[in-house]
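J.: One structure follows; several queries about it will come next.
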Amino acid sequence: MTWVEFKTHDDAPPIAGLRAGSGPPVLLLHGGPGLGFEYLRDLADELAEENDVAWYQQRGLAPSATEGPYTVATDVRDAARVLDALGWEKAYVVGHSWGGHLALHVAAALPERVLGVLAVDPLGSVGDGRWPEFDAEMFRRTPEPVRARARELDELLSSGAGDDDLALESMSLVWAAYFADPEAAPPMPDLRMASERSALMGQSIVAELPALEAALGRIRLPVGFVHGALSPMPIAASTDTAERIPGAWVDVVDGAGHFVWVEAPRAVTASLRRLTGG
């Protein structure tokens with residue numbers, strides 16, 4: 001797959017990404033919220049076989065702007081700016097983890113720019129988002145010898161007292177826990193982390209959660225969820241949200257964890273076909 005670089009061309013801090021494929025326009029949003037977007041490469045390649053896919057680095061890491069503000073509202077505005085840069089009046093929005101949560105914010109704030117949403121193993125959007133359950137399961141799956149260190153780093157980074165190196169160490173300790181079978185998890189790829197963005201975005205996500213929950217019932221767009229049956233993120237994180245959105249549906253993928261496309265190739269493509277009608 002040949003990817004072509006693009007970036008926003010307005011006066012605001014630049015947001016840059018890659019585009020390839022042909023077919024329905026699909027804006028792909030990465031998770032984190034402080035991760036480099038490269039971890040989505042295999043999913044982007046898969047979706048670009050049938051769609052015109054654009055994926056970009058959210059602000060905080062190059063090639064996009066590294067400065068804030070790091071807020072949900074800013075990320076929604078950046079998504080709109082990317083659509084403008086691509087010349088897309090409307091697009092399907094596909095997001096993974098935090099990106100799936102962001103996709104719902106985009107749908108609620110910018111319904112005129114969205115054809116539909118597919119949230120892939122997203123953060124929950126109802127009540128506490130099932131986040132305490134997710135955290136507990138992640139630590140349960142983390143090997144006991146490093147579990148205390150993983151908890152220590154999580155608390156440090158959440159408070160904003162960590163740095164990028166500690167964020168990478170934290171991810172390395174819990175990486176296998178994201179998968180259906182942690183003992184068979186693939187090695188962690190080269191990742192980039194923006195710890196300041198992650199901490200500040202975490203605060204903003206929590207602050208905006210009640211408003212998003214209140215807005216779910218007003219979303220009148222096609223919305224689907226695809227969730228790993230063995231993900232540490234509870235399936236209810238998707239089903240709770242889907243129940244609030246008229247007509248929304250959930251595909252549960254057997255044998256898959258949080259990175260659904262890794263353990264179940266083509267499953268996300270199948271759900272996107274369902275969303276787009278073919």
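Naming works like this for the structure tokens: A, B, ... for the chains as they're shown, residue 1 at the start of each chain, ligands 1 onward in shown order.
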Write out as a ChimeraX atom specification the residues lying within 8 Å of segment 201-207 of chain A, counting only C-alpha atoms and excluding same-chain residues fewer than 4 positions away.
T.: /A:33,70-72,158,197
J.: Could you please write out, as a list of chain:residue names, every residue of segment 33-87 of chain A that DSSP assigns to helix (DSSP H, G or I)?
T.: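 So the helix (DSSP H, G or I) residues in segment 33-87 of chain A would be A:Phe37, A:Glu38, A:Tyr39, A:Leu40, A:Arg41, A:Asp42, A:Leu43, A:Ala44, A:Asp45, A:Glu46, A:Leu47, A:Val72, A:Ala73, A:Thr74, A:Asp75, A:Val76, A:Arg77, A:Asp78, A:Ala79, A:Ala80, A:Arg81, A:Val82, A:Leu83, A:Asp84, A:Ala85, A:Leu86.
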J.: Just write the chosen residues, C-alpha atoms, as a PDB file, in the first residue's frame.
T.:
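Okay, part21.pdb is ready:
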ATOM      1  CA  PHE A  37      -0.332   6.743  15.292  1.00  0.00           C
ATOM      2  CA  GLU A  38       2.002   4.179  13.704  1.00  0.00           C
ATOM      3  CA  TYR A  39       0.604   1.269  15.709  1.00  0.00           C
ATOM      4  CA  LEU A  40      -2.502   1.401  13.473  1.00  0.00           C
ATOM      5  CA  ARG A  41      -0.508   0.698  10.297  1.00  0.00           C
ATOM      6  CA  ASP A  42      -1.824  -2.848   9.760  1.00  0.00           C
ATOM      7  CA  LEU A  43      -5.433  -1.772  10.318  1.00  0.00           C
ATOM      8  CA  ALA A  44      -4.986   1.212   8.008  1.00  0.00           C
ATOM      9  CA  ASP A  45      -3.550  -1.061   5.305  1.00  0.00           C
ATOM     10  CA  GLU A  46      -6.458  -3.474   5.724  1.00  0.00           C
ATOM     11  CA  LEU A  47      -9.161  -0.806   5.527  1.00  0.00           C
ATOM     12  CA  VAL A  72     -11.293  16.760  23.844  1.00  0.00           C
ATOM     13  CA  ALA A  73     -12.662  19.938  22.267  1.00  0.00           C
ATOM     14  CA  THR A  74      -9.323  20.635  20.585  1.00  0.00           C
ATOM     15  CA  ASP A  75      -9.154  17.104  19.206  1.00  0.00           C
ATOM     16  CA  VAL A  76     -12.676  17.449  17.792  1.00  0.00           C
ATOM     17  CA  ARG A  77     -11.686  20.705  16.092  1.00  0.00           C
ATOM     18  CA  ASP A  78      -8.531  19.063  14.740  1.00  0.00           C
ATOM     19  CA  ALA A  79     -10.618  16.251  13.237  1.00  0.00           C
ATOM     20  CA  ALA A  80     -12.743  18.848  11.429  1.00  0.00           C
ATOM     21  CA  ARG A  81      -9.594  20.585  10.187  1.00  0.00           C
ATOM     22  CA  VAL A  82      -8.300  17.290   8.809  1.00  0.00           C
ATOM     23  CA  LEU A  83     -11.574  16.743   6.950  1.00  0.00           C
ATOM     24  CA  ASP A  84     -11.181  20.227   5.473  1.00  0.00           C
ATOM     25  CA  ALA A  85      -7.586  19.514   4.440  1.00  0.00           C
ATOM     26  CA  LEU A  86      -8.684  16.313   2.708  1.00  0.00           C
TER      27      LEU A  86
END
J.: List every residue of segment 88-211 of chain A that DSSP, applied to the backbone of this structure, places in strand (DSSP E or B), and write the result as a ChimeraX atom specification.
T.: /A:91-96,114-120,193
J.: Would you kindly return, as JSON, numbers by chain, each protein, DNA or RNA residue with an atom no farther than 8 Å from any atom of segment 224-235 of chain A, considering only C-alpha atoms and excluding same-chain residues fewer than 4 positions away?
T.: {"A": [117, 118, 119, 120, 121, 122, 123, 130, 131, 133, 134, 137, 138, 177, 178, 179, 180, 239, 242, 248, 249, 250, 251, 252, 253, 254, 255, 256, 257, 258, 259, 260, 268, 271, 275]}
J.: Determine the nearest neighbour of Met193 of chain A from the options A:Thr66, A:Asn51, A:Ser22, A:Ser125, counting only C-alpha atoms.
T.: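 Of A:Thr66, A:Asn51, A:Ser22, A:Ser125, the one nearest Met193 of chain A is A:Thr66, counting only C-alpha atoms.
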J.: Here is a test: counting only C-alpha atoms, which residue of A:Leu153, A:Ala108, A:Ala194, A:Val262 is nearest to Gln57 of chain A?
T.: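 When distances to Gln57 of chain A are compared using only C-alpha atoms, the smallest one comes from A:Ala194.
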J.: How many Å separate atom CA of Gly21 of chain A from atom CA of Thr276 of chain A?
T.: 15.7 Å
